[in-house]
Amino acid sequence: MIKISKAETESDYQAIEQLAYVIWRAHYISIVGKPQIDYMLDKFQSAKAIKEQIADGFEYFMLAYNDKPVGYIAIINDGDTLFLSKIYVLSAYRGKKIGKAALQFVEEKAKAANLKSITLTVNKNNQNSIKAYEKLGFENVGPTVKDIGNGFIMDDYKMVKVL
Ligand SMILES: CC(C)(COP(=O)(O)OP(=O)(O)OC[C@H]1O[C@@H](n2cnc3c(N)ncnc32)[C@H](O)[C@@H]1OP(=O)(O)O)[C@@H](O)C(=O)NCCC(=O)NCCS
């Protein structure tokens, strides 16, 4: 049983910070290295950073499986498209259609806002997630590189799902 609930309290932000710490370190150290992950966790996924992003228009939602918090998503309406900024599920809970349920939820949000697409960026070497996104109807529209400071870049593909 999958439940999706909006993150709106300090304890929600702290729960997401904890999930990010576990998921990102397990998943990304082999892809971009520990220094970049430590930097990104602090800059983008601390409870404080999440609170600031929400004040800037992002919405965070927690994903629960049988009432256990197992992941989270973040979205923002950028005017043309709904940008899926984060989608993360604990490794032990992948392949249970939690990502799919989250994406259906995001699609409903996009349609309710009269947006015609969902956009995301994914690391070029994050092959399993790229395959999952393709299964979920996203198309790779090409590379995108973003400088995130401290000498680090995000070397990604941009993927779009037309609704
Ligand atoms: C990407 C992610 C959110 C997908 O969530 P999930 O709950 O594991 O995915 P689901 O079980 O809902 O699967 C969705 C679809 O993708 C497919 N899929 C999932 N993982 C796959 C893989 N490794 N290879 C091929 N297909 C895959 C599933 O078969 C399913 O397709 P179907 O409905 O046609 O059968 C999750 O795997 C994850 O958190 N990965 C690590 C973190 C990450 O990289 N996040 C994305 C950052 S950009």
# chains A, B, ... in the order shown; residues from 1 in each chain; ligands from 1
call {"tool": "residues_around", "arguments": {"residues": "range 37-49 of chain A", "least_positions_apart": "2", "cutoff": "9 Å", "atoms": "only C-alpha atoms", "output": "VMD selection string"}}
result
chain A and resid 10 to 18 20 to 21 24 to 25 28 to 29 32 to 35 51 to 54 148 150 152
call {"tool": "residues_around", "arguments": {"residues": "Lys96 in chain A", "least_positions_apart": "6", "cutoff": "10 Å", "atoms": "only C-alpha atoms", "output": "PDB file with all heavy atoms, in the first residue's frame"}}
result
ATOM      1  N   ILE A   2       0.779   2.049  -1.070  1.00  0.00           N
ATOM      2  CA  ILE A   2       1.642   3.223  -1.225  1.00  0.00           C
ATOM      3  C   ILE A   2       0.854   4.492  -0.874  1.00  0.00           C
ATOM      4  O   ILE A   2      -0.265   4.669  -1.361  1.00  0.00           O
ATOM      5  CB  ILE A   2       2.147   3.316  -2.688  1.00  0.00           C
ATOM      6  CG1 ILE A   2       2.947   2.053  -3.033  1.00  0.00           C
ATOM      7  CG2 ILE A   2       2.966   4.582  -2.909  1.00  0.00           C
ATOM      8  CD1 ILE A   2       3.127   1.811  -4.508  1.00  0.00           C
ATOM      9  N   TYR A  65       5.430   3.145   2.186  1.00  0.00           N
ATOM     10  CA  TYR A  65       5.008   1.806   1.762  1.00  0.00           C
ATOM     11  C   TYR A  65       4.610   1.058   3.024  1.00  0.00           C
ATOM     12  O   TYR A  65       5.441   0.890   3.931  1.00  0.00           O
ATOM     13  CB  TYR A  65       6.158   1.105   1.037  1.00  0.00           C
ATOM     14  CG  TYR A  65       5.805  -0.215   0.412  1.00  0.00           C
ATOM     15  CD1 TYR A  65       5.105  -0.264  -0.800  1.00  0.00           C
ATOM     16  CD2 TYR A  65       6.175  -1.416   1.006  1.00  0.00           C
ATOM     17  CE1 TYR A  65       4.789  -1.470  -1.398  1.00  0.00           C
ATOM     18  CE2 TYR A  65       5.862  -2.628   0.415  1.00  0.00           C
ATOM     19  CZ  TYR A  65       5.167  -2.649  -0.784  1.00  0.00           C
ATOM     20  OH  TYR A  65       4.858  -3.848  -1.375  1.00  0.00           O
ATOM     21  N   VAL A  89      13.811   6.303  -4.042  1.00  0.00           N
ATOM     22  CA  VAL A  89      13.205   5.206  -3.281  1.00  0.00           C
ATOM     23  C   VAL A  89      14.356   4.402  -2.660  1.00  0.00           C
ATOM     24  O   VAL A  89      15.373   4.138  -3.336  1.00  0.00           O
ATOM     25  CB  VAL A  89      12.356   4.307  -4.220  1.00  0.00           C
ATOM     26  CG1 VAL A  89      11.824   3.099  -3.474  1.00  0.00           C
ATOM     27  CG2 VAL A  89      11.210   5.108  -4.849  1.00  0.00           C
TER      28      VAL A  89
END
call {"tool": "residues_near_ligand", "arguments": {"ligand": "ligand 1", "cutoff": "10 Å", "atoms": "only C-alpha atoms and all ligand atoms", "output": "PyMOL selection string"}}
result
chain A and resi 20+23-24+26-28+63+70-73+84-104+120-137+156-159
call {"tool": "write_last_selection", "arguments": {"atoms": "N, CA and C atoms", "output": "short mmCIF file (atom, residue, chain, number, x, y, z; two decimals), in the first residue's frame"}}
result
data_model
loop_
_atom_site.label_atom_id
_atom_site.label_comp_id
_atom_site.auth_asym_id
_atom_site.auth_seq_id
_atom_site.Cartn_x
_atom_site.Cartn_y
_atom_site.Cartn_z
N ALA A 20 17.52 10.98 2.21
CA ALA A 20 18.49 11.42 1.19
C ALA A 20 19.89 10.93 1.56
N ILE A 23 19.94 7.11 0.82
CA ILE A 23 19.78 6.74 -0.59
C ILE A 23 20.93 7.29 -1.44
N TRP A 24 21.25 8.56 -1.26
CA TRP A 24 22.27 9.19 -2.11
C TRP A 24 23.64 8.55 -1.89
N ALA A 26 24.33 5.53 -0.82
CA ALA A 26 24.37 4.17 -1.35
C ALA A 26 24.40 4.18 -2.88
N HIS A 27 23.69 5.15 -3.47
CA HIS A 27 23.49 5.09 -4.92
C HIS A 27 24.54 5.86 -5.71
N TYR A 28 24.99 7.01 -5.20
CA TYR A 28 25.75 7.92 -6.05
C TYR A 28 27.26 7.93 -5.84
N LEU A 63 7.03 9.40 0.25
CA LEU A 63 6.45 8.15 -0.24
C LEU A 63 6.53 7.14 0.89
N VAL A 70 9.69 5.46 2.68
CA VAL A 70 10.69 4.74 1.86
C VAL A 70 11.25 5.60 0.74
N GLY A 71 10.75 6.83 0.63
CA GLY A 71 11.28 7.66 -0.45
C GLY A 71 10.61 9.02 -0.47
N TYR A 72 10.97 9.80 -1.48
CA TYR A 72 10.39 11.14 -1.58
C TYR A 72 10.52 11.64 -3.01
N ILE A 73 9.68 12.65 -3.31
CA ILE A 73 9.79 13.33 -4.60
C ILE A 73 9.76 14.84 -4.34
N LEU A 84 10.43 17.53 -12.45
CA LEU A 84 10.55 16.52 -11.39
C LEU A 84 11.99 16.59 -10.89
N SER A 85 12.17 17.32 -9.80
CA SER A 85 13.51 17.65 -9.32
C SER A 85 14.14 16.49 -8.56
N LYS A 86 13.30 15.71 -7.86
CA LYS A 86 13.82 14.58 -7.06
C LYS A 86 12.83 13.43 -7.14
N ILE A 87 13.35 12.21 -7.26
CA ILE A 87 12.53 11.01 -7.06
C ILE A 87 13.47 9.91 -6.57
N TYR A 88 13.29 9.52 -5.33
CA TYR A 88 14.21 8.59 -4.69
C TYR A 88 13.45 7.57 -3.85
N VAL A 89 13.81 6.30 -4.04
CA VAL A 89 13.21 5.21 -3.28
C VAL A 89 14.36 4.40 -2.66
N LEU A 90 14.21 4.03 -1.40
CA LEU A 90 15.23 3.19 -0.75
C LEU A 90 15.46 1.92 -1.57
N SER A 91 16.72 1.47 -1.64
CA SER A 91 17.04 0.37 -2.56
C SER A 91 16.21 -0.90 -2.28
N ALA A 92 15.94 -1.18 -1.00
CA ALA A 92 15.21 -2.41 -0.66
C ALA A 92 13.75 -2.36 -1.14
N TYR A 93 13.29 -1.18 -1.52
CA TYR A 93 11.88 -1.03 -1.91
C TYR A 93 11.71 -0.72 -3.39
N ARG A 94 12.79 -0.81 -4.16
CA ARG A 94 12.68 -0.55 -5.60
C ARG A 94 12.03 -1.74 -6.30
N GLY A 95 11.44 -1.46 -7.46
CA GLY A 95 10.80 -2.53 -8.23
C GLY A 95 9.44 -2.93 -7.70
N LYS A 96 8.87 -2.14 -6.79
CA LYS A 96 7.54 -2.44 -6.23
C LYS A 96 6.50 -1.45 -6.74
N LYS A 97 6.83 -0.77 -7.83
CA LYS A 97 5.91 0.18 -8.46
C LYS A 97 5.69 1.44 -7.63
N ILE A 98 6.61 1.72 -6.73
CA ILE A 98 6.48 2.95 -5.93
C ILE A 98 6.81 4.17 -6.81
N GLY A 99 7.87 4.04 -7.62
CA GLY A 99 8.22 5.12 -8.54
C GLY A 99 7.10 5.38 -9.54
N LYS A 100 6.48 4.31 -10.00
CA LYS A 100 5.39 4.43 -10.97
C LYS A 100 4.20 5.18 -10.34
N ALA A 101 3.85 4.80 -9.11
CA ALA A 101 2.75 5.47 -8.41
C ALA A 101 3.08 6.95 -8.20
N ALA A 102 4.34 7.22 -7.87
CA ALA A 102 4.76 8.62 -7.66
C ALA A 102 4.63 9.40 -8.96
N LEU A 103 5.03 8.76 -10.06
CA LEU A 103 4.95 9.46 -11.34
C LEU A 103 3.49 9.71 -11.75
N GLN A 104 2.61 8.75 -11.48
CA GLN A 104 1.18 8.98 -11.78
C GLN A 104 0.66 10.19 -11.00
N LEU A 120 12.82 16.04 -16.37
CA LEU A 120 13.76 15.72 -15.29
C LEU A 120 15.16 15.69 -15.87
N THR A 121 16.15 15.68 -14.98
CA THR A 121 17.53 15.46 -15.41
C THR A 121 18.08 14.28 -14.62
N VAL A 122 18.93 13.49 -15.28
CA VAL A 122 19.45 12.27 -14.65
C VAL A 122 20.91 12.11 -15.05
N ASN A 123 21.74 11.74 -14.09
CA ASN A 123 23.17 11.55 -14.38
C ASN A 123 23.36 10.56 -15.54
N LYS A 124 24.29 10.91 -16.43
CA LYS A 124 24.53 10.07 -17.62
C LYS A 124 24.88 8.63 -17.27
N ASN A 125 25.48 8.42 -16.10
CA ASN A 125 25.87 7.06 -15.71
C ASN A 125 24.87 6.38 -14.78
N ASN A 126 23.72 6.99 -14.58
CA ASN A 126 22.69 6.42 -13.70
C ASN A 126 21.77 5.52 -14.56
N GLN A 127 22.40 4.44 -15.07
CA GLN A 127 21.75 3.66 -16.12
C GLN A 127 20.42 3.02 -15.71
N ASN A 128 20.34 2.48 -14.48
CA ASN A 128 19.10 1.81 -14.06
C ASN A 128 17.93 2.79 -14.03
N SER A 129 18.21 3.99 -13.55
CA SER A 129 17.13 4.98 -13.47
C SER A 129 16.74 5.44 -14.87
N ILE A 130 17.72 5.57 -15.77
CA ILE A 130 17.40 5.95 -17.15
C ILE A 130 16.47 4.91 -17.76
N LYS A 131 16.78 3.62 -17.50
CA LYS A 131 15.91 2.54 -18.04
C LYS A 131 14.51 2.63 -17.44
N ALA A 132 14.44 2.89 -16.13
CA ALA A 132 13.12 3.00 -15.49
C ALA A 132 12.35 4.18 -16.09
N TYR A 133 13.02 5.31 -16.30
CA TYR A 133 12.33 6.47 -16.87
C TYR A 133 11.82 6.17 -18.28
N GLU A 134 12.63 5.44 -19.05
CA GLU A 134 12.17 5.09 -20.41
C GLU A 134 10.91 4.22 -20.34
N LYS A 135 10.94 3.26 -19.39
CA LYS A 135 9.74 2.41 -19.22
C LYS A 135 8.53 3.24 -18.82
N LEU A 136 8.80 4.32 -18.09
CA LEU A 136 7.71 5.16 -17.59
C LEU A 136 7.29 6.23 -18.62
N GLY A 137 7.86 6.18 -19.82
CA GLY A 137 7.39 7.05 -20.89
C GLY A 137 8.20 8.30 -21.15
N ASP A 156 24.46 15.50 -16.92
CA ASP A 156 23.17 14.81 -16.99
C ASP A 156 22.63 14.67 -18.40
N TYR A 157 21.58 13.85 -18.52
CA TYR A 157 20.68 13.89 -19.66
C TYR A 157 19.40 14.57 -19.19
N LYS A 158 18.78 15.29 -20.13
CA LYS A 158 17.44 15.82 -19.87
C LYS A 158 16.44 14.83 -20.48
N MET A 159 15.41 14.50 -19.71
CA MET A 159 14.40 13.57 -20.21
C MET A 159 13.02 14.22 -20.05
#
call {"tool": "select_by_dssp", "arguments": {"residues": "range 86-156 of chain A", "states": "helix (DSSP H, G or I)", "output": "list in words"}}
result
Ser91, Ala92, Tyr93, Ile98, Gly99, Lys100, Ala101, Ala102, Leu103, Gln104, Phe105, Val106, Glu107, Glu108, Lys109, Ala110, Lys111, Ala112, Gln127, Asn128, Ser129, Ile130, Lys131, Ala132, Tyr133, Glu134 and Lys135 of chain A
call {"tool": "select_by_dssp", "arguments": {"residues": "range 4-148 of chain A", "states": "strand (DSSP E or B)", "output": "mmCIF file with N, CA and C atoms, in the first residue's frame"}}
result
data_model
loop_
_atom_site.group_PDB
_atom_site.id
_atom_site.type_symbol
_atom_site.label_atom_id
_atom_site.label_comp_id
_atom_site.auth_asym_id
_atom_site.auth_seq_id
_atom_site.Cartn_x
_atom_site.Cartn_y
_atom_site.Cartn_z
ATOM 1 N N ILE A 4 1.173 8.804 -0.521
ATOM 2 C CA ILE A 4 1.972 9.982 -0.888
ATOM 3 C C ILE A 4 1.437 11.164 -0.086
ATOM 4 N N SER A 5 2.300 11.795 0.696
ATOM 5 C CA SER A 5 1.813 12.911 1.523
ATOM 6 C C SER A 5 2.772 14.091 1.439
ATOM 7 N N LYS A 6 2.186 15.277 1.474
ATOM 8 C CA LYS A 6 2.988 16.488 1.315
ATOM 9 C C LYS A 6 3.890 16.701 2.536
ATOM 10 N N GLU A 59 7.693 21.753 -4.198
ATOM 11 C CA GLU A 59 6.834 20.962 -3.317
ATOM 12 C C GLU A 59 7.515 19.609 -3.114
ATOM 13 N N TYR A 60 7.623 19.193 -1.860
ATOM 14 C CA TYR A 60 8.180 17.878 -1.527
ATOM 15 C C TYR A 60 7.050 16.974 -1.032
ATOM 16 N N PHE A 61 7.121 15.699 -1.422
ATOM 17 C CA PHE A 61 6.143 14.711 -0.971
ATOM 18 C C PHE A 61 6.892 13.465 -0.510
ATOM 19 N N MET A 62 6.412 12.889 0.579
ATOM 20 C CA MET A 62 7.019 11.667 1.095
ATOM 21 C C MET A 62 6.276 10.463 0.534
ATOM 22 N N LEU A 63 7.032 9.399 0.247
ATOM 23 C CA LEU A 63 6.450 8.149 -0.239
ATOM 24 C C LEU A 63 6.527 7.136 0.893
ATOM 25 N N ALA A 64 5.362 6.557 1.249
ATOM 26 C CA ALA A 64 5.351 5.543 2.310
ATOM 27 C C ALA A 64 4.823 4.228 1.742
ATOM 28 N N TYR A 65 5.430 3.145 2.186
ATOM 29 C CA TYR A 65 5.008 1.806 1.762
ATOM 30 C C TYR A 65 4.610 1.058 3.024
ATOM 31 N N LYS A 68 5.599 2.852 6.126
ATOM 32 C CA LYS A 68 7.017 3.139 6.386
ATOM 33 C C LYS A 68 7.513 4.152 5.342
ATOM 34 N N PRO A 69 8.175 5.243 5.786
ATOM 35 C CA PRO A 69 8.725 6.190 4.805
ATOM 36 C C PRO A 69 9.862 5.528 4.016
ATOM 37 N N VAL A 70 9.694 5.459 2.679
ATOM 38 C CA VAL A 70 10.685 4.739 1.863
ATOM 39 C C VAL A 70 11.246 5.595 0.739
ATOM 40 N N GLY A 71 10.754 6.829 0.627
ATOM 41 C CA GLY A 71 11.283 7.665 -0.452
ATOM 42 C C GLY A 71 10.611 9.016 -0.468
ATOM 43 N N TYR A 72 10.970 9.798 -1.475
ATOM 44 C CA TYR A 72 10.391 11.141 -1.585
ATOM 45 C C TYR A 72 10.521 11.643 -3.006
ATOM 46 N N ILE A 73 9.684 12.646 -3.307
ATOM 47 C CA ILE A 73 9.791 13.332 -4.599
ATOM 48 C C ILE A 73 9.755 14.843 -4.342
ATOM 49 N N ALA A 74 10.250 15.602 -5.323
ATOM 50 C CA ALA A 74 10.114 17.062 -5.281
ATOM 51 C C ALA A 74 9.787 17.537 -6.686
ATOM 52 N N ILE A 75 8.861 18.490 -6.779
ATOM 53 C CA ILE A 75 8.459 19.028 -8.080
ATOM 54 C C ILE A 75 8.401 20.551 -8.013
ATOM 55 N N ILE A 76 8.505 21.163 -9.210
ATOM 56 C CA ILE A 76 8.267 22.613 -9.302
ATOM 57 C C ILE A 76 7.684 22.920 -10.676
ATOM 58 N N ASN A 77 6.686 23.787 -10.677
ATOM 59 C CA ASN A 77 6.083 24.252 -11.921
ATOM 60 C C ASN A 77 6.946 25.382 -12.449
ATOM 61 N N LEU A 82 6.295 20.655 -15.819
ATOM 62 C CA LEU A 82 6.456 20.332 -14.393
ATOM 63 C C LEU A 82 7.820 19.660 -14.251
ATOM 64 N N PHE A 83 8.717 20.297 -13.499
ATOM 65 C CA PHE A 83 10.062 19.741 -13.347
ATOM 66 C C PHE A 83 10.080 18.790 -12.157
ATOM 67 N N LEU A 84 10.431 17.534 -12.446
ATOM 68 C CA LEU A 84 10.547 16.516 -11.389
ATOM 69 C C LEU A 84 11.988 16.592 -10.887
ATOM 70 N N SER A 85 12.169 17.320 -9.805
ATOM 71 C CA SER A 85 13.509 17.647 -9.323
ATOM 72 C C SER A 85 14.142 16.489 -8.562
ATOM 73 N N LYS A 86 13.300 15.713 -7.857
ATOM 74 C CA LYS A 86 13.821 14.585 -7.060
ATOM 75 C C LYS A 86 12.833 13.430 -7.137
ATOM 76 N N ILE A 87 13.352 12.214 -7.263
ATOM 77 C CA ILE A 87 12.531 11.009 -7.064
ATOM 78 C C ILE A 87 13.466 9.912 -6.571
ATOM 79 N N TYR A 88 13.286 9.524 -5.334
ATOM 80 C CA TYR A 88 14.214 8.589 -4.695
ATOM 81 C C TYR A 88 13.451 7.573 -3.849
ATOM 82 N N VAL A 89 13.811 6.303 -4.042
ATOM 83 C CA VAL A 89 13.205 5.206 -3.281
ATOM 84 C C VAL A 89 14.356 4.402 -2.660
ATOM 85 N N SER A 117 3.841 18.642 -20.135
ATOM 86 C CA SER A 117 4.979 17.714 -20.042
ATOM 87 C C SER A 117 5.553 17.681 -18.626
ATOM 88 N N ILE A 118 6.317 16.616 -18.381
ATOM 89 C CA ILE A 118 7.125 16.494 -17.162
ATOM 90 C C ILE A 118 8.574 16.385 -17.627
ATOM 91 N N THR A 119 9.462 17.110 -16.948
ATOM 92 C CA THR A 119 10.875 17.124 -17.327
ATOM 93 C C THR A 119 11.717 16.731 -16.117
ATOM 94 N N LEU A 120 12.821 16.043 -16.367
ATOM 95 C CA LEU A 120 13.762 15.717 -15.289
ATOM 96 C C LEU A 120 15.164 15.688 -15.870
ATOM 97 N N THR A 121 16.154 15.684 -14.984
ATOM 98 C CA THR A 121 17.530 15.460 -15.414
ATOM 99 C C THR A 121 18.075 14.277 -14.620
ATOM 100 N N VAL A 122 18.930 13.491 -15.281
ATOM 101 C CA VAL A 122 19.450 12.272 -14.650
ATOM 102 C C VAL A 122 20.913 12.112 -15.053
ATOM 103 N N ASN A 123 21.745 11.745 -14.089
ATOM 104 C CA ASN A 123 23.174 11.551 -14.379
ATOM 105 C C ASN A 123 23.357 10.561 -15.537
ATOM 106 N N GLU A 139 11.466 10.428 -22.686
ATOM 107 C CA GLU A 139 12.386 10.355 -23.815
ATOM 108 C C GLU A 139 13.619 11.194 -23.501
ATOM 109 N N ASN A 140 14.790 10.634 -23.827
ATOM 110 C CA ASN A 140 16.050 11.354 -23.637
ATOM 111 C C ASN A 140 16.172 12.416 -24.722
ATOM 112 N N VAL A 141 16.221 13.708 -24.320
ATOM 113 C CA VAL A 141 16.285 14.759 -25.339
ATOM 114 C C VAL A 141 17.683 15.377 -25.442
ATOM 115 N N GLY A 142 18.659 14.787 -24.723
ATOM 116 C CA GLY A 142 20.034 15.245 -24.912
ATOM 117 C C GLY A 142 20.745 15.620 -23.633
ATOM 118 N N PRO A 143 22.049 15.897 -23.744
ATOM 119 C CA PRO A 143 22.853 16.187 -22.553
ATOM 120 C C PRO A 143 22.596 17.586 -21.989
ATOM 121 N N THR A 144 22.833 17.730 -20.684
ATOM 122 C CA THR A 144 22.759 19.043 -20.037
ATOM 123 C C THR A 144 23.776 19.045 -18.893
ATOM 124 N N VAL A 145 24.592 20.082 -18.825
ATOM 125 C CA VAL A 145 25.629 20.162 -17.789
ATOM 126 C C VAL A 145 25.341 21.384 -16.924
ATOM 127 N N LYS A 146 25.386 21.170 -15.585
ATOM 128 C CA LYS A 146 25.123 22.290 -14.676
ATOM 129 C C LYS A 146 26.263 22.410 -13.671
ATOM 130 N N ASP A 147 26.786 23.610 -13.551
ATOM 131 C CA ASP A 147 27.826 23.895 -12.559
ATOM 132 C C ASP A 147 27.137 24.103 -11.207
ATOM 133 N N ILE A 148 27.502 23.298 -10.207
ATOM 134 C CA ILE A 148 26.843 23.423 -8.905
ATOM 135 C C ILE A 148 27.803 24.004 -7.851
#
call {"tool": "atom_distance", "arguments": {"atom1": "CA of Gly79 in chain A", "atom2": "CA of Ala113 in chain A"}}
result
9.4 Å
call {"tool": "atom_distance", "arguments": {"atom1": "CA of Lys116 in chain A", "atom2": "CA of Asp80 in chain A"}}
result
7.7 Å
